[in-house]
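Enquirer: Data: work02.cif, mmCIF, C-alpha atoms and all ligand atoms.
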data_protein
#
loop_
_atom_site.label_atom_id
_atom_site.label_comp_id
_atom_site.auth_asym_id
_atom_site.auth_seq_id
_atom_site.Cartn_x
_atom_site.Cartn_y
_atom_site.Cartn_z
CA MET H 107 -104.22 27.30 24.74
CA PRO H 108 -104.94 27.80 21.07
CA LEU H 109 -101.53 27.91 19.49
CA PHE H 110 -102.62 26.97 15.98
CA TYR H 111 -99.16 26.48 14.49
CA GLN H 112 -95.50 26.89 15.40
CA HIS H 113 -92.44 26.54 13.20
CA ASN H 114 -88.97 26.97 14.64
CA ILE H 115 -87.23 28.08 11.47
CA ASN H 116 -83.77 27.85 13.01
CA GLN H 117 -82.15 28.29 16.41
CA ASP H 118 -82.70 32.05 16.34
CA THR H 119 -86.00 32.45 14.52
CA LYS H 120 -89.51 31.29 15.36
CA LEU H 121 -92.83 31.67 13.61
CA GLY H 122 -96.24 31.18 15.23
CA ILE H 123 -99.95 31.45 14.52
CA TRP H 124 -102.43 31.98 17.33
CA PHE H 125 -106.14 31.24 17.03
CA ILE H 126 -107.77 34.07 18.96
CA GLU H 127 -110.56 32.86 21.21
CA GLU H 128 -109.55 34.27 24.58
CA PRO H 129 -111.12 37.40 26.06
CA GLU H 130 -109.15 40.61 26.02
CA SER H 131 -108.28 40.21 29.71
CA PHE H 132 -106.25 37.08 28.90
CA PHE H 133 -103.92 39.07 26.65
CA LEU H 134 -103.89 42.17 28.84
CA ALA H 135 -102.48 40.11 31.71
CA LYS H 136 -99.26 39.90 29.68
CA VAL H 137 -99.34 42.68 27.11
CA PRO H 138 -99.12 46.41 27.86
CA LEU H 139 -101.66 48.19 25.64
CA LYS H 140 -99.90 51.33 24.53
CA ARG H 141 -101.96 52.36 21.54
CA ASP H 142 -105.57 53.41 21.51
CA VAL H 143 -107.28 50.76 19.36
CA SER H 144 -110.94 51.63 19.63
CA HIS H 145 -112.57 48.67 17.86
CA PRO H 146 -112.77 45.79 20.40
CA PHE H 147 -112.02 43.00 17.91
CA LYS H 148 -109.12 44.89 16.33
CA ARG H 149 -107.80 45.49 19.86
CA ARG H 150 -107.89 41.78 20.54
CA GLN H 151 -106.04 41.08 17.27
CA HIS H 152 -103.45 43.71 18.18
CA LEU H 153 -102.98 42.25 21.66
CA ALA H 154 -102.82 38.66 20.37
CA GLY H 155 -100.01 39.58 17.96
CA ARG H 156 -97.94 41.00 20.77
CA PHE H 157 -98.83 38.13 23.07
CA LEU H 158 -97.46 35.75 20.46
CA LEU H 159 -94.12 37.59 20.47
CA SER H 160 -93.67 36.78 24.14
CA PHE H 161 -95.05 33.28 23.66
CA LEU H 162 -92.31 32.56 21.11
CA PHE H 163 -89.56 34.26 23.14
CA PRO H 164 -90.60 34.63 26.80
CA ASP H 165 -88.04 37.37 27.45
CA PHE H 166 -89.33 39.53 24.59
CA PRO H 167 -89.48 43.09 26.04
CA LEU H 168 -93.03 44.01 24.96
CA GLU H 169 -92.96 47.27 26.87
CA GLU H 170 -90.00 48.46 24.73
CA ILE H 171 -91.87 48.23 21.40
CA ARG H 172 -91.81 51.54 19.55
CA ILE H 173 -93.69 52.58 16.42
CA ALA H 174 -91.81 54.21 13.52
CA ASP H 175 -93.27 57.02 11.41
CA THR H 176 -94.07 54.36 8.80
CA ARG H 177 -96.13 52.56 11.53
CA ALA H 178 -93.64 49.67 11.61
CA PRO H 179 -93.16 48.40 15.16
CA PHE H 180 -89.56 47.89 16.32
CA LEU H 181 -87.25 47.51 19.32
CA ALA H 182 -84.65 50.26 19.53
CA SER H 183 -82.25 47.79 21.20
CA GLU H 184 -82.67 45.36 18.25
CA LYS H 185 -82.64 42.54 20.79
CA TYR H 186 -85.23 40.97 18.52
CA HIS H 187 -86.44 41.66 15.01
CA PHE H 188 -90.12 40.86 14.54
CA SER H 189 -93.16 41.17 12.35
CA ILE H 190 -96.86 40.73 13.03
CA SER H 191 -99.97 40.06 10.96
CA HIS H 192 -103.60 39.31 11.76
CA CYS H 193 -106.66 38.30 9.83
CA GLY H 194 -109.98 37.30 11.34
CA ASN H 195 -109.34 35.11 14.36
CA TYR H 196 -105.73 34.44 13.47
CA ALA H 197 -102.65 36.35 14.56
CA ALA H 198 -99.23 35.47 13.16
CA ALA H 199 -95.80 36.60 14.31
CA ILE H 200 -92.19 35.93 13.40
CA VAL H 201 -89.35 36.76 15.78
CA SER H 202 -85.61 36.55 15.21
CA THR H 203 -82.63 37.36 17.38
CA ASN H 204 -80.47 38.31 14.42
CA SER H 205 -82.33 38.61 11.10
CA ARG H 206 -84.74 41.13 9.68
CA VAL H 207 -88.09 39.44 9.14
CA GLY H 208 -91.54 39.87 7.62
CA VAL H 209 -94.77 37.89 7.87
CA ASP H 210 -98.26 38.12 6.45
CA ILE H 211 -101.37 35.98 6.86
CA GLU H 212 -104.54 36.21 4.76
CA HIS H 213 -107.84 34.47 4.17
CA ILE H 214 -108.29 33.03 0.70
CA THR H 215 -111.26 34.61 -1.05
CA PRO H 216 -112.27 35.06 -4.72
CA ARG H 217 -111.76 38.82 -4.24
CA ILE H 218 -108.02 38.30 -4.73
CA GLU H 219 -108.65 37.91 -8.48
CA THR H 220 -109.99 41.45 -8.72
CA LEU H 221 -107.09 42.81 -6.62
CA ALA H 222 -104.38 41.06 -8.63
CA SER H 223 -103.84 43.88 -11.12
CA LYS H 224 -102.87 46.14 -8.22
CA PHE H 225 -99.89 44.04 -7.13
CA LEU H 226 -98.75 41.86 -10.06
CA ASN H 227 -96.28 43.38 -12.51
CA ASP H 228 -96.58 42.59 -16.23
CA GLU H 229 -94.37 39.48 -16.14
CA GLU H 230 -96.13 38.08 -13.05
CA ALA H 231 -99.54 38.85 -14.56
CA GLN H 232 -98.60 37.02 -17.74
CA PHE H 233 -97.42 34.01 -15.77
CA PHE H 234 -100.52 33.87 -13.59
CA ASN H 235 -103.23 34.92 -16.01
CA GLU H 236 -101.98 33.08 -19.06
CA ASP H 237 -99.46 30.28 -18.42
CA TYR H 238 -100.57 29.21 -14.94
CA ALA H 239 -104.31 29.72 -15.41
CA MET H 240 -104.23 27.74 -18.64
CA PHE H 241 -102.28 24.95 -16.99
CA LEU H 242 -104.83 24.77 -14.16
CA GLU H 243 -107.78 24.90 -16.54
CA GLN H 244 -106.50 21.77 -18.27
CA TRP H 245 -106.87 19.96 -14.94
CA GLY H 246 -110.18 21.61 -14.03
CA MET H 247 -108.50 23.39 -11.08
CA ARG H 248 -108.74 27.02 -12.18
CA GLY H 249 -110.83 28.55 -9.35
CA ARG H 250 -109.57 27.63 -5.93
CA VAL H 251 -105.93 26.73 -6.62
CA PHE H 252 -105.52 29.91 -8.65
CA GLN H 253 -106.85 32.00 -5.76
CA GLU H 254 -104.57 30.22 -3.29
CA PHE H 255 -101.53 31.05 -5.38
CA LEU H 256 -102.51 34.64 -6.00
CA THR H 257 -103.10 35.10 -2.27
CA LEU H 258 -99.65 33.66 -1.55
CA ILE H 259 -98.05 36.20 -3.88
CA TRP H 260 -99.98 38.99 -2.17
CA ASN H 261 -98.81 37.58 1.21
CA ALA H 262 -95.24 37.48 -0.02
CA LYS H 263 -95.31 41.11 -1.14
CA GLU H 264 -96.90 42.30 2.10
CA ALA H 265 -94.27 40.32 4.05
CA ILE H 266 -91.52 42.01 1.99
CA PHE H 267 -93.13 45.40 2.71
CA LYS H 268 -92.99 44.65 6.45
CA TRP H 269 -89.46 43.24 6.26
CA TYR H 270 -88.33 46.47 4.57
CA GLY H 271 -90.14 48.52 7.22
CA ARG H 272 -89.50 51.93 5.65
CA GLY H 273 -92.73 52.20 3.61
CA GLU H 274 -92.82 53.79 0.15
CA LEU H 275 -92.64 50.63 -1.91
CA ASP H 276 -94.25 49.95 -5.23
CA PHE H 277 -95.51 46.36 -5.15
CA LYS H 278 -95.10 46.00 -8.94
CA LYS H 279 -91.77 47.72 -9.39
CA HIS H 280 -89.75 46.97 -6.27
CA MET H 281 -90.68 43.30 -5.74
CA LYS H 282 -90.43 40.81 -8.56
CA LEU H 283 -91.06 37.10 -8.58
CA GLU H 284 -88.12 35.73 -10.58
CA GLY H 285 -86.95 32.17 -11.02
CA SER H 286 -88.61 28.88 -10.36
CA ILE H 287 -91.05 28.17 -7.58
CA ASN H 288 -90.05 25.09 -5.55
CA LEU H 289 -91.68 22.92 -2.95
CA ASP H 290 -89.98 22.06 0.35
CA GLY H 291 -92.35 19.79 2.25
CA ASP H 292 -95.43 21.88 3.00
CA TRP H 293 -93.59 25.09 2.16
CA ILE H 294 -93.60 26.78 -1.23
CA LYS H 295 -90.38 28.67 -1.94
CA LEU H 296 -90.96 31.88 -3.84
CA PRO H 297 -87.81 33.51 -5.24
CA PHE H 298 -88.20 37.30 -5.18
CA VAL H 299 -85.86 40.05 -6.21
CA PHE H 300 -86.21 43.24 -4.17
CA GLU H 301 -85.14 46.18 -6.28
CA LYS H 302 -84.86 49.51 -4.59
CA GLY H 303 -81.45 51.12 -4.85
CA ARG H 304 -79.81 47.74 -5.22
CA SER H 305 -81.00 44.22 -5.98
CA ILE H 306 -81.47 41.77 -3.12
CA HIS H 307 -82.46 38.17 -3.73
CA LEU H 308 -85.04 37.11 -1.17
CA SER H 309 -86.38 33.68 -0.46
CA VAL H 310 -89.98 34.04 0.66
CA GLU H 311 -91.60 30.87 1.99
CA GLY H 312 -95.34 30.41 1.83
CA ARG H 313 -97.81 27.86 2.99
CA ILE H 314 -101.49 27.14 2.46
CA PHE H 315 -103.63 25.93 5.35
CA GLU H 316 -106.37 24.51 3.16
CA ASP H 317 -108.83 23.53 5.91
CA GLN H 318 -108.85 27.06 7.27
CA ALA H 319 -108.61 28.76 3.85
CA LEU H 320 -105.51 30.58 5.06
CA THR H 321 -102.19 31.45 3.49
CA LEU H 322 -99.04 32.59 5.22
CA ALA H 323 -95.72 33.88 3.94
CA TRP H 324 -92.55 34.92 5.72
CA LEU H 325 -88.99 35.85 4.98
CA LEU H 326 -85.82 36.65 6.81
CA THR H 327 -82.46 38.00 5.73
C1 LIG J 1 -98.88 47.98 6.76
C2 LIG J 1 -99.57 46.84 6.02
C3 LIG J 1 -98.50 45.96 5.37
C4 LIG J 1 -100.38 46.05 7.04
O1 LIG J 1 -100.95 44.94 6.40
P1 LIG J 1 -102.46 44.50 6.70
O2 LIG J 1 -102.74 43.31 5.84
O3 LIG J 1 -103.34 45.70 6.58
O4 LIG J 1 -102.47 44.11 8.21
P2 LIG J 1 -101.71 42.94 8.96
O5 LIG J 1 -102.61 42.47 10.00
O6 LIG J 1 -101.15 41.93 8.02
O7 LIG J 1 -100.47 43.68 9.61
C5 LIG J 1 -100.66 44.61 10.64
C6 LIG J 1 -99.37 44.72 11.40
O8 LIG J 1 -98.32 45.12 10.53
C7 LIG J 1 -97.37 45.87 11.29
N1 LIG J 1 -97.08 47.07 10.51
C8 LIG J 1 -97.85 48.15 10.33
N2 LIG J 1 -97.22 49.02 9.50
C9 LIG J 1 -96.05 48.46 9.17
C10 LIG J 1 -94.96 48.88 8.35
N3 LIG J 1 -94.95 50.04 7.71
N4 LIG J 1 -93.88 48.06 8.23
C11 LIG J 1 -93.85 46.88 8.90
N5 LIG J 1 -94.87 46.43 9.69
C12 LIG J 1 -95.94 47.22 9.81
C13 LIG J 1 -97.97 46.14 12.67
O9 LIG J 1 -97.36 45.24 13.57
C14 LIG J 1 -99.43 45.79 12.48
O10 LIG J 1 -100.04 45.19 13.59
P3 LIG J 1 -100.25 45.99 14.96
O11 LIG J 1 -100.68 47.37 14.59
O12 LIG J 1 -101.30 45.21 15.69
O13 LIG J 1 -98.92 45.94 15.64
C15 LIG J 1 -100.55 47.37 4.91
O14 LIG J 1 -101.61 48.06 5.49
C16 LIG J 1 -99.86 48.27 3.91
O15 LIG J 1 -99.69 49.45 4.12
N6 LIG J 1 -99.41 47.66 2.82
C17 LIG J 1 -98.58 48.34 1.83
C18 LIG J 1 -99.30 49.24 0.95
C19 LIG J 1 -100.16 48.49 0.01
O16 LIG J 1 -100.82 47.57 0.37
N7 LIG J 1 -100.12 48.94 -1.22
C20 LIG J 1 -101.01 48.40 -2.20
C21 LIG J 1 -100.29 47.54 -3.15
S1 LIG J 1 -101.48 46.67 -4.06
#
Can the structure in the file be given as structure tokens, please?

Expert:
Amino acid sequence: MPLFYQHNINQDTKLGIWFIEEPESFFLAKVPLKRDVSHPFKRRQHLAGRFLLSFLFPDFPLEEIRIADTRAPFLASEKYHFSISHCGNYAAAIVSTNSRVGVDIEHITPRIETLASKFLNDEEAQFFNEDYAMFLEQWGMRGRVFQEFLTLIWNAKEAIFKWYGRGELDFKKHMKLEGSINLDGDWIKLPFVFEKGRSIHLSVEGRIFEDQALTLAWLLT
């Protein structure tokens, strides 16, 4: 059973990553397929994400999942709040009985450097491209570590987008990395301010799975 990682964040909230190697029939035995996902691999990713919801909380009512106009999945009963992400053979999910949540998982690739200007605001770009890059260069660590961190920030913003759930967010304007980044064991704490209508301070936690070249970020409020 390839549960790759599980983190019980608190009594009410669990996070998991599944390594997808089972055939579709394995997931279909548990998960009702409601949407037409034509690509077989994408279908397996989709099913694995939902499977993970019920793996984390066995009484998760999968059949009650609805899709909002923004494409965010939700339970009308709000019995659980949840968020799903997949990349390659990995599916990640976070489920909470009482908090709104968001999660995102990504592979680390050099391409993130060319995408950065699309999601970093001016202050973040200055920090990453000047201060942080120069600091890493001094230690001969510019390439890989830089990409890991940029990917984590991308993760964090995607997780905030999913946590918000209502779409229509500007990644540069509505989500700002502000304050100092701290380490808590394997987790990197990223202080974000969400600014749409009012300001909300969010603590996004991220982690790098170096061996698998994966990053993951989640948040709950
Ligand atoms: C919706 C979005 C966040 C999905 O991210 P992704 O990296 O493409 O895909 P992931 O595998 O991480 O996540 C997919 C899951 O997110 C969930 N999801 C989809 N739309 C969502 C939304 N609006 N809100 C919350 N969750 C959503 C679904 O559960 C989906 O999986 P499923 O269809 O199997 O259930 C992304 O496509 C998006 O629209 N991002 C915001 C816009 C953007 O990127 N702007 C550019 C700024 S540089």

Enquirer: Rounded to one decimal, what separation in Å do you get between atom CA of Phe255 of chain H and atom CA of Leu289 of chain H?

Expert: 13.0 Å

Enquirer: Could you pull out the residues sitting within 7 Å of ligand LIG 1 (chain J), using all atoms listed in the file, and write them as a list in words?

Expert: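 What falls inside 7 Å of ligand LIG 1 (chain J) is Gln151, His152, Leu153, Gly155, Thr176, Arg177, Ala178, Pro179, Ser189, Ile190, Ser191, His192, Cys193, Asp210, Ile211, Lys224, Phe225, Glu264, Phe267, Lys268, Trp269, Tyr270, Gly271, Arg272, Gly273, Asp276 and Phe277 of chain H.
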
Enquirer: Could you write out the selected residues, including C-alpha atoms, as a short mmCIF file (atom, residue, chain, number, x, y, z; two decimals), in the coordinates of the input?

Expert:
data_model
loop_
_atom_site.label_atom_id
_atom_site.label_comp_id
_atom_site.auth_asym_id
_atom_site.auth_seq_id
_atom_site.Cartn_x
_atom_site.Cartn_y
_atom_site.Cartn_z
CA GLN H 151 -106.04 41.08 17.27
CA HIS H 152 -103.45 43.71 18.18
CA LEU H 153 -102.98 42.25 21.66
CA GLY H 155 -100.01 39.58 17.96
CA THR H 176 -94.07 54.36 8.80
CA ARG H 177 -96.13 52.56 11.53
CA ALA H 178 -93.64 49.67 11.61
CA PRO H 179 -93.16 48.40 15.16
CA SER H 189 -93.16 41.17 12.35
CA ILE H 190 -96.86 40.73 13.03
CA SER H 191 -99.97 40.06 10.96
CA HIS H 192 -103.60 39.31 11.76
CA CYS H 193 -106.66 38.30 9.83
CA ASP H 210 -98.26 38.12 6.45
CA ILE H 211 -101.37 35.98 6.86
CA LYS H 224 -102.87 46.14 -8.22
CA PHE H 225 -99.89 44.04 -7.13
CA GLU H 264 -96.90 42.30 2.10
CA PHE H 267 -93.13 45.40 2.71
CA LYS H 268 -92.99 44.65 6.45
CA TRP H 269 -89.46 43.24 6.26
CA TYR H 270 -88.33 46.47 4.57
CA GLY H 271 -90.14 48.52 7.22
CA ARG H 272 -89.50 51.93 5.65
CA GLY H 273 -92.73 52.20 3.61
CA ASP H 276 -94.25 49.95 -5.23
CA PHE H 277 -95.51 46.36 -5.15
#

Enquirer: Please indicate the distance in Å from atom CA of Ile115 of chain H to atom CA of Thr327 of chain H, rounded to one decimal place.

Expert: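 Atom-to-atom, atom CA of Ile115 of chain H to atom CA of Thr327 of chain H, that is 12.4 Å.
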
Enquirer: What are the nearest atom pairs, with distances in Å to one decimal, for all residues of segment 291-317 of chain H that come at most 10 Å from segment 212-220 of chain H, using only C-alpha atoms, set out by chain and rising residue number as a Markdown table?

Expert:
| residue | atom | partner | partner_atom | distance |
| --- | --- | --- | --- | --- |
| H:Ile314 | CA | H:Ile214 | CA | 9.2 |
| H:Phe315 | CA | H:His213 | CA | 9.6 |
| H:Glu316 | CA | H:Ile214 | CA | 9.1 |

Enquirer: Next, the residues of the selection above should be written as a tab-separated table (two decimals), in the frame of the given file with C-alpha atoms.

Expert:
chain	number	residue	atom	x	y	z
H	314	ILE	CA	-101.49	27.14	2.46
H	315	PHE	CA	-103.63	25.93	5.35
H	316	GLU	CA	-106.37	24.51	3.16

Enquirer: Have a look at H:Phe166, H:Trp245, H:Phe133, H:Trp324 and name the one nearest to Arg149 of chain H; count all atoms listed in the file.

Expert: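 With all atoms listed in the file as the atom set, the closest residue is H:Phe133.
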
Enquirer: Calculate how many Å separate atom CA of Pro297 of chain H from atom CA of Ser223 of chain H, rounding to one decimal.

Expert: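 Between these atoms lies a distance of 20.0 Å.
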
Enquirer: With only C-alpha atoms as the counted atoms, please give the residues lying no more than 12 Å from Leu226 of chain H, apart from itself and same-chain residues fewer than 5 positions off, as a list in words.

Expert: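 Non-adjacent residues within range: Ile218, Glu219, Thr220, Leu221, Ala231, Gln232, Phe233, Phe234, Asn235, Leu256, Thr257, Leu258, Ile259, Trp260, Ala262, Lys263, Asp276, Phe277, Lys278, Lys279, His280, Met281, Lys282 and Leu283 of chain H.
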